[in-house]
Structure formats: structure tokens, C-alpha cells
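One file, run18.txt, carrying compact mmCIF, C-alpha atoms:
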```
# COMPACT_ATOMS: atom_id res chain seq x y z
CA MET A 180 -73.95 122.75 -39.66
CA PRO A 181 -76.13 119.86 -38.33
CA GLU A 182 -76.40 121.76 -35.04
CA LEU A 183 -77.82 124.76 -36.85
CA CYS A 184 -80.30 122.70 -38.81
CA SER A 185 -81.69 120.86 -35.77
CA LYS A 186 -82.81 124.09 -34.07
CA MET A 187 -84.01 125.82 -37.20
CA PRO A 188 -87.75 126.26 -37.72
CA GLU A 189 -88.70 124.43 -40.89
CA LEU A 190 -91.35 125.09 -43.46
CA THR A 191 -91.93 121.99 -45.56
CA GLY A 192 -94.67 119.94 -47.15
CA TYR A 193 -98.19 121.17 -46.58
CA GLU A 194 -97.09 124.21 -44.55
CA LEU A 195 -94.86 125.36 -47.40
CA ASN A 196 -97.69 124.74 -49.83
CA VAL A 197 -100.03 126.95 -47.75
CA PHE A 198 -97.33 129.63 -47.44
CA CYS A 199 -96.86 129.72 -51.23
CA ARG A 200 -100.60 129.98 -51.84
CA VAL A 201 -100.90 132.74 -49.22
CA ALA A 202 -97.94 134.61 -50.73
CA LYS A 203 -99.41 134.45 -54.22
CA THR A 204 -102.81 135.62 -52.98
CA ILE A 205 -101.35 138.56 -51.05
CA VAL A 206 -99.15 139.62 -53.98
CA LYS A 207 -102.09 139.50 -56.36
CA LYS A 208 -104.76 141.03 -54.14
CA GLY A 209 -102.89 143.10 -51.57
CA HIS A 210 -103.15 142.76 -47.80
CA LEU A 211 -106.12 140.68 -46.74
CA GLU A 212 -107.98 139.62 -43.62
CA ILE A 213 -107.39 136.01 -42.47
CA ASN A 214 -110.85 134.81 -43.57
CA ALA A 215 -110.39 136.37 -47.00
CA ILE A 216 -106.99 134.69 -47.36
CA LEU A 217 -108.53 131.32 -46.47
CA LYS A 218 -111.25 131.89 -49.04
CA PHE A 219 -108.87 132.93 -51.83
CA ILE A 220 -106.37 130.11 -51.28
CA GLY A 221 -109.23 127.63 -51.59
CA SER A 222 -108.76 126.21 -48.12
CA ASP A 223 -110.47 122.88 -47.39
CA ASN A 224 -109.60 122.86 -43.71
CA HIS A 225 -109.99 126.37 -42.30
CA LYS A 226 -108.98 125.40 -38.76
CA GLN A 227 -105.70 123.81 -39.82
CA ASP A 228 -104.84 126.50 -42.38
CA LYS A 229 -105.63 129.26 -39.87
CA LYS A 230 -103.09 127.71 -37.50
CA ILE A 231 -100.49 127.59 -40.29
CA ILE A 232 -101.11 131.26 -41.11
CA GLN A 233 -100.67 132.15 -37.45
CA LYS A 234 -97.42 130.15 -37.43
CA LEU A 235 -96.24 132.12 -40.48
CA TYR A 236 -97.03 135.29 -38.53
CA LYS A 237 -95.00 134.05 -35.56
CA LEU A 238 -92.09 133.24 -37.88
CA GLN A 239 -92.35 136.84 -39.15
CA LEU A 240 -92.94 135.78 -42.74
CA LEU A 241 -96.26 137.62 -42.50
CA LYS A 242 -96.97 140.87 -40.70
CA MET A 243 -100.15 142.56 -39.55
CA HIS A 244 -101.33 145.60 -41.39
CA ARG A 245 -103.91 147.87 -39.72
CA ALA A 246 -104.35 145.28 -36.93
CA ASP A 247 -106.45 142.79 -38.90
CA THR A 248 -105.01 142.30 -42.38
CA TYR A 249 -101.93 140.29 -43.26
CA GLU A 250 -99.08 141.31 -45.53
CA LEU A 251 -95.81 139.62 -46.50
CA THR A 252 -92.64 140.83 -44.79
CA PRO A 253 -89.51 141.53 -46.90
CA ILE A 254 -88.01 138.25 -45.62
CA GLY A 255 -91.27 136.49 -46.51
CA ARG A 256 -91.12 137.85 -50.05
CA MET A 257 -87.47 136.84 -50.51
CA PHE A 258 -88.12 133.37 -49.11
CA ALA A 259 -91.23 132.94 -51.30
CA ILE A 260 -89.27 133.63 -54.47
CA ASP A 261 -86.88 130.77 -53.79
CA ALA A 262 -89.03 128.31 -51.88
CA CYS A 263 -92.11 128.49 -54.10
CA GLU A 264 -91.60 127.51 -57.70
CA TRP A 265 -92.29 130.95 -59.08
CA PHE A 266 -88.99 131.33 -60.84
CA LYS A 267 -89.59 128.22 -62.93
CA GLN A 268 -93.10 129.33 -63.80
CA ARG A 269 -92.19 132.86 -64.80
CA TYR A 270 -92.98 132.34 -68.47
CA ALA A 271 -96.03 130.13 -67.88
CA MET B 240 -127.99 173.58 -78.51
CA GLU B 241 -128.18 174.93 -82.04
CA VAL B 242 -129.78 171.74 -83.25
CA PHE B 243 -132.30 171.83 -80.42
CA GLN B 244 -133.41 175.38 -81.26
CA ARG B 245 -134.26 174.48 -84.84
CA GLY B 246 -137.51 172.56 -84.69
CA ILE B 247 -136.84 170.67 -87.92
CA LYS B 248 -133.72 169.00 -86.75
CA THR B 249 -135.14 167.84 -83.44
CA GLU B 250 -135.58 164.31 -84.76
CA LYS B 251 -131.92 164.08 -85.65
CA TYR B 252 -131.07 165.22 -82.16
CA ILE B 253 -133.25 162.53 -80.61
CA ASN B 254 -131.67 159.93 -82.88
CA SER B 255 -128.26 160.85 -81.64
CA ILE B 256 -129.45 160.39 -78.06
CA THR B 257 -130.85 156.97 -78.89
CA PHE B 258 -127.51 156.02 -80.39
CA ASN B 259 -125.73 157.09 -77.25
CA ASN B 260 -128.16 155.10 -75.15
CA SER B 261 -127.45 151.96 -77.11
CA LYS B 262 -123.78 152.58 -76.52
CA MET B 263 -124.35 153.12 -72.82
CA ALA B 264 -126.08 149.76 -72.60
CA LEU B 265 -122.62 148.22 -73.03
CA THR B 266 -121.51 149.58 -69.69
CA GLU B 267 -122.31 147.87 -66.45
CA THR B 268 -122.65 149.29 -62.95
CA VAL B 269 -120.41 147.58 -60.42
CA PRO B 270 -121.34 148.23 -56.79
CA THR B 271 -118.20 148.27 -54.64
CA LYS B 272 -117.58 148.97 -50.99
CA PHE B 273 -114.55 150.91 -49.81
CA PRO B 274 -113.17 151.52 -46.32
CA GLU B 275 -114.08 154.99 -45.01
CA GLN B 276 -110.46 156.07 -44.87
CA GLU B 277 -109.92 155.28 -48.55
CA VAL B 278 -113.09 157.15 -49.51
CA LYS B 279 -111.80 160.20 -47.60
CA MET B 280 -108.51 159.97 -49.48
CA MET B 281 -110.41 159.67 -52.76
CA ASP B 282 -112.35 162.83 -51.93
CA LYS B 283 -109.11 164.68 -51.19
CA LEU B 284 -107.81 163.84 -54.67
CA ILE B 285 -111.10 165.00 -56.17
CA GLN B 286 -110.92 168.28 -54.20
CA ARG B 287 -107.40 168.79 -55.50
CA GLY B 288 -108.87 168.57 -58.99
CA LEU B 289 -106.96 165.49 -60.09
CA TYR B 290 -110.18 163.61 -60.83
CA ILE B 291 -113.68 164.76 -61.69
CA SER B 292 -115.45 162.26 -59.45
CA ARG B 293 -114.96 159.07 -57.45
CA SER B 294 -116.12 157.05 -60.46
CA ASP B 295 -113.54 158.79 -62.63
CA LEU B 296 -110.79 157.91 -60.17
CA ILE B 297 -111.89 154.27 -59.85
CA ARG B 298 -112.23 153.87 -63.63
CA GLU B 299 -108.77 155.28 -64.24
CA ALA B 300 -107.17 153.16 -61.51
CA THR B 301 -108.86 150.03 -62.84
CA ARG B 302 -107.69 150.70 -66.40
CA GLU B 303 -104.17 151.26 -65.14
CA LYS B 304 -104.24 147.95 -63.24
CA ILE B 305 -105.59 146.07 -66.26
CA LYS B 306 -102.84 147.56 -68.46
CA GLU B 307 -100.22 146.73 -65.86
CA ASN B 308 -101.34 143.11 -65.57
CA LYS B 309 -101.29 142.68 -69.34
CA GLU B 310 -97.67 143.80 -69.41
CA LEU B 311 -96.61 141.54 -66.55
CA ARG B 312 -96.32 137.96 -67.68
CA SER B 313 -96.56 135.92 -64.52
CA ASP B 314 -96.97 135.87 -60.75
CA PHE B 315 -93.21 136.00 -60.48
CA ASP B 316 -93.17 139.32 -62.35
CA LEU B 317 -95.80 140.65 -59.94
CA MET B 318 -93.73 139.58 -56.95
CA VAL B 319 -90.53 141.17 -58.31
CA LYS B 320 -92.47 144.36 -59.04
CA GLU B 321 -93.83 144.46 -55.49
CA MET B 322 -90.36 143.86 -54.06
CA LYS B 323 -89.04 146.74 -56.11
CA GLU B 324 -91.88 149.06 -55.06
CA LYS B 325 -91.46 148.24 -51.37
CA GLY B 326 -87.71 148.83 -51.55
CA ASP B 327 -86.63 145.27 -50.69
CA PHE B 328 -83.73 145.35 -53.12
CA GLY B 329 -82.28 148.44 -51.50
CA SER B 330 -82.82 147.24 -47.93
CA LEU B 331 -79.88 146.59 -45.62
CA GLU B 332 -81.38 143.24 -44.61
CA GLY B 333 -81.27 141.99 -48.18
CA LYS B 334 -77.77 143.37 -48.82
CA VAL B 335 -76.35 141.77 -45.66
CA ILE B 336 -77.93 138.38 -46.40
CA ALA B 337 -76.73 138.50 -50.02
CA ARG B 338 -73.17 139.41 -48.98
CA LEU B 339 -73.05 136.60 -46.44
CA PHE B 340 -74.34 134.20 -49.08
CA LEU B 341 -71.89 135.27 -51.77
CA GLU B 342 -68.89 135.35 -49.42
CA GLN B 343 -69.61 132.15 -47.51
CA GLY B 344 -66.07 130.86 -47.91
CA LYS B 345 -64.59 133.94 -46.22
CA GLU B 346 -66.32 133.20 -42.88
CA LEU B 347 -67.30 136.79 -42.21
CA SER B 348 -67.76 138.08 -38.67
CA ALA B 349 -69.73 141.11 -37.45
CA ASN B 350 -66.56 143.23 -37.61
CA ASN B 351 -66.57 142.97 -41.39
CA PHE B 352 -69.74 145.04 -41.48
CA ASN B 353 -70.43 148.69 -40.66
CA ILE B 354 -72.46 149.83 -37.63
CA ALA B 355 -75.81 149.98 -39.41
CA GLU B 356 -75.26 146.54 -40.88
CA GLN B 357 -74.24 145.16 -37.46
CA LYS B 358 -77.62 146.31 -36.12
CA VAL B 359 -79.33 144.42 -38.93
CA ILE B 360 -77.19 141.35 -38.20
CA ARG B 361 -78.28 141.36 -34.55
CA LYS B 362 -81.88 141.60 -35.73
CA LEU B 363 -81.39 138.72 -38.16
CA ILE B 364 -79.82 136.53 -35.46
CA ARG B 365 -82.92 137.09 -33.28
CA HIS B 366 -85.28 136.50 -36.22
CA PRO B 367 -87.76 133.69 -35.37
CA PHE B 368 -87.34 132.16 -38.82
CA GLY B 369 -83.72 131.40 -37.92
CA ILE B 370 -81.96 133.12 -40.80
CA LEU B 371 -78.56 133.74 -39.29
CA LYS B 372 -76.48 132.10 -36.56
CA ALA B 373 -73.32 133.33 -34.92
CA LYS B 374 -70.87 130.53 -34.10
CA LYS B 375 -67.54 131.33 -32.48
CA GLY B 376 -67.76 134.89 -33.78
CA LYS B 377 -68.38 133.76 -37.34
CA LEU B 378 -71.69 134.44 -39.07
CA LEU B 379 -73.38 131.49 -40.72
CA LEU B 380 -76.48 131.48 -42.88
CA THR B 381 -78.88 128.67 -42.03
CA GLU B 382 -80.75 126.76 -44.71
CA ASN B 383 -83.64 129.23 -44.40
CA GLY B 384 -81.15 132.08 -44.66
CA GLN B 385 -79.64 130.62 -47.81
CA LYS B 386 -83.07 130.24 -49.40
CA THR B 387 -83.87 133.85 -48.47
CA ALA B 388 -80.57 135.05 -49.95
CA ARG B 389 -81.16 133.10 -53.17
CA GLY B 390 -84.65 134.63 -53.39
CA TYR B 391 -83.23 138.14 -52.96
CA LEU B 392 -80.58 137.58 -55.64
CA LYS B 393 -82.98 135.93 -58.10
CA GLY B 394 -85.44 138.79 -57.65
CA LEU B 395 -82.72 141.42 -58.02
CA ALA B 396 -81.30 139.82 -61.15
CA TYR B 397 -84.73 139.50 -62.70
CA ALA B 398 -85.75 143.05 -61.72
CA ARG B 399 -82.85 144.38 -63.78
CA THR B 400 -84.17 142.67 -66.91
CA LEU B 401 -87.76 143.62 -66.17
CA PHE B 402 -87.48 147.34 -65.43
```

Target encoding C-alpha cells, full file:
Amino acid sequence: MPELCSKMPELTGYELNVFCRVAKTIVKKGHLEINAILKFIGSDNHKQDKKIIQKLYKLQLLKMHRADTYELTPIGRMFAIDACEWFKQRYA
Amino acid sequence: MEVFQRGIKTEKYINSITFNNSKMALTETVPTKFPEQEVKMMDKLIQRGLYISRSDLIREATREKIKENKELRSDFDLMVKEMKEKGDFGSLEGKVIARLFLEQGKELSANNFNIAEQKVIRKLIRHPFGILKAKKGKLLLTENGQKTARGYLKGLAYARTLF
């Protein structure tokens, strides 16, 4: 198992935080352009967050829709349910 | 029309208009832009007679959304609803991941799955997020894979109580 973990791409800390905010925004508002996503997640550092979003796209947690808007992939949705604390907040 | 023809009752008619105007003042015009493609699709629905006008369609859709959001309690509900609508719970990907997660002790190999599922397994092994690894013929879910499987199962369990 340690062998598997060492090669595995990880999503932790700030990157995970950005992913969760992006996932929530896309679920609420539908597929959005990258600048709109940055605006709706309340990004302070557009350059850094843009890179994270592109990384999420490379990891296939996000997919392109109509060549310029981003949408969550099925794997992205499944991962978001467990990784982001949505389940705990469901009655909030 | 009848009221309008009788000269005496004209005042009453005007009053009723005034009343309507005061009621109309409660509405507000919201200028919105739509992509051309969506406008074309709107017009098709109008031509089919499903809606009287674009405004009618937009009003109805908005009311439906507002009603829907009142019924759904949280973001989690919204996510589960979207997963259900997009068919994630019925997808082979989800089923394969869930089976591997639930039967971890059995050390399943690709032969334990049918041809369609084997295709999905190959896709999952190549997935850049590193969901699944094959080690000595045995299939192992990585940490990301386990999180994904847990998400699928949580969503599925909750969807059954929600819908």
C-alpha cells in the first residue's frame, strides 16, 4: 500500500479547499467559465487558483463543456461528496 | 367591452385599470442575456405552443427553480440530485468502484468482472487521479479511489431517502 500512495496524485489543504468551493459553485450555478468560477468562489489569488483549476482539469475531476466552460465529472462529483464536508452539513 | 360601451360606467373601468397598474408596480423588469443557442431553443418551445412567449418560459422556469430550492435542504441535497439526474448512480464506473470497495477483502481481479466492466477497469487504471491500481493481477483501490467509492455509496444511500 505505501507504494501506491507514493505515486498517487494528492489533493489536500488549499487545493482541496479550492476544489470543494469550485464543486459547490458548479453544482449551484451549472457549468461556468473559468473567470466566473474564480469570481463566485471568492478567489483572492486568481493566478494561483487558476492553476489549481487547471490541475483539477488535468486530474479529470473537471471537464470542459462547450470548449470554455467547466463541469464536474462523475468521479469529481463522487470524490466531492466524501472529501468535502457536505455530508456533515446536510441539515445545516 | 360591455362596460366600455356604457358611458356611465367608464369611470369604474378606469378605476379598475388604475388598480391593475398599482399591482403591476410590484413587478420588476430583469434584463438578462442568453446565449444565442438557448434563445433558439426557447423559440422552438414557443413555436411548439408550450409557452406563450420567452418571458412566460423564463418566468415558469424561475418559479420551478425557486420551488425546487425550497424543497432541497442543503448543498448536499443539490449534489445528490445532480448525481441522480446525470445518471452517476447507474454508471458502470460507480458500480465497479463500489464493488471493489465493498469486497476489498476478497482481492478481486479483472476476471471477476464482465467484459463491459473490464473496459471500465482499464479506464480507471489509466485515470490521472489514480483511482485504481493493478498489483500482481489483483485490483486495489487507492486512497483517492476509496474516497470516491465512499462518496458514491453515501450519495446512493442518501438518494434513496431523498427521492

Item to check | 12 Å contact set for region 313-320 of chain B, only C-alpha atoms, chain neighbours under 4 positions out, as a ChimeraX atom specification | outcome: /A:199-200,202-209,251,253,255-261,263-271 /B:304,307-309,324-328,390-402

Next on the checklist: My list of candidates is B:Leu363, B:Ala373, B:Ala300, B:Leu339. Which is closest to Gln239 (chain A) when distances are computed with all atoms listed in the file?
Outcome noted: B:Leu363

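Going from CA of Gly329 (chain B) to CA of Arg389 (chain B) covers 15.5 Å.
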
Padded axis-aligned box of region 204-207 of chain A (5 Å per side), centre and edge lengths, Å, one decimal, as JSON:
```
{"center_x": -101.0, "center_y": 137.6, "center_z": -53.7, "size_x": 13.7, "size_y": 14.0, "size_z": 15.3}
```

Checklist entry - Excluding same-chain residues fewer than 6 positions from Leu341 (chain B), what lies within 12 Å of it counting only C-alpha atoms, as an MDAnalysis selection string? => result chainID B and resid 334:335 347 379:380 385 388:389 391:392

Next on the checklist: Excluding Ile220 (chain A) and its own-chain neighbours fewer than 2 positions away, which residues fall within 7 Å of it when counting only C-alpha atoms? Please give them as JSON, numbers by chain.
Outcome noted: {"A": [200, 201, 204, 216, 217, 218, 222]}

Next on the checklist: Let me make sure I understand: among B:Pro367, B:Gly288, B:Gly333, B:Gly344, which one has the smallest atom-to-atom distance to chain A if we use all atoms listed in the file?
Outcome noted: B:Pro367

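Atom pair CA of Leu378 (chain B) / CA of Glu346 (chain B) has a distance of 6.7 Å (rounded to one decimal).
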
Identify, on the basis of all atoms listed in the file, every residue whose closest approach to Lys229 (chain A) does not exceed 10 Å; exclude the query and any residue fewer than 3 positions from it along the same chain; express the result as an mmCIF file with C-alpha atoms, in the coordinates of the input.
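In the end it all went to part-v3.cif:
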```cif
data_model
loop_
_atom_site.group_PDB
_atom_site.id
_atom_site.type_symbol
_atom_site.label_atom_id
_atom_site.label_comp_id
_atom_site.auth_asym_id
_atom_site.auth_seq_id
_atom_site.Cartn_x
_atom_site.Cartn_y
_atom_site.Cartn_z
ATOM 1 C CA VAL A 197 -100.030 126.950 -47.750
ATOM 2 C CA ILE A 213 -107.390 136.010 -42.470
ATOM 3 C CA ASN A 214 -110.850 134.810 -43.570
ATOM 4 C CA ILE A 216 -106.990 134.690 -47.360
ATOM 5 C CA LEU A 217 -108.530 131.320 -46.470
ATOM 6 C CA SER A 222 -108.760 126.210 -48.120
ATOM 7 C CA ASN A 224 -109.600 122.860 -43.710
ATOM 8 C CA HIS A 225 -109.990 126.370 -42.300
ATOM 9 C CA LYS A 226 -108.980 125.400 -38.760
ATOM 10 C CA ILE A 232 -101.110 131.260 -41.110
ATOM 11 C CA GLN A 233 -100.670 132.150 -37.450
ATOM 12 C CA LYS A 234 -97.420 130.150 -37.430
ATOM 13 C CA LEU A 235 -96.240 132.120 -40.480
#
```

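Here CA of Ile336 (chain B) is placed at a distance of 24.3 Å from CA of Asn196 (chain A).
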
Surrounding residues of Ile297 (chain B) excluding itself and chain neighbours under 5 positions, 12 Å, all atoms listed in the file, as a CSV table (one decimal) with C-alpha atoms, in the coordinates of the input:
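The resulting file, out-v7.csv, is shown below:
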```csv
chain,number,residue,atom,x,y,z
B,269,VAL,CA,-120.4,147.6,-60.4
B,270,PRO,CA,-121.3,148.2,-56.8
B,271,THR,CA,-118.2,148.3,-54.6
B,272,LYS,CA,-117.6,149.0,-51.0
B,273,PHE,CA,-114.6,150.9,-49.8
B,277,GLU,CA,-109.9,155.3,-48.6
B,278,VAL,CA,-113.1,157.2,-49.5
B,281,MET,CA,-110.4,159.7,-52.8
B,282,ASP,CA,-112.4,162.8,-51.9
B,284,LEU,CA,-107.8,163.8,-54.7
B,285,ILE,CA,-111.1,165.0,-56.2
B,290,TYR,CA,-110.2,163.6,-60.8
B,291,ILE,CA,-113.7,164.8,-61.7
B,292,SER,CA,-115.4,162.3,-59.4
B,302,ARG,CA,-107.7,150.7,-66.4
B,303,GLU,CA,-104.2,151.3,-65.1
B,304,LYS,CA,-104.2,148.0,-63.2
```

Checklist outcome for this item: Using only C-alpha atoms, the residue out of A:Asp228, A:Lys237, A:Asp247, A:Lys242 with shortest distance to chain B is A:Lys237

Checklist entry - So, counting all atoms listed in the file, which residue among B:Lys345, B:Ala337, B:Leu289, B:Glu299 is closest to chain A? => result B:Ala337

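For the choices B:Gln343, B:Thr266, B:Asn351, B:Asn383, the atom-to-atom distance to chain A is smallest for B:Asn383 when using all atoms listed in the file.
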
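Using all atoms listed in the file, the smallest distance between any of B:Met322, B:Ile364, B:Ala355, B:Lys375 and chain A comes from B:Met322.
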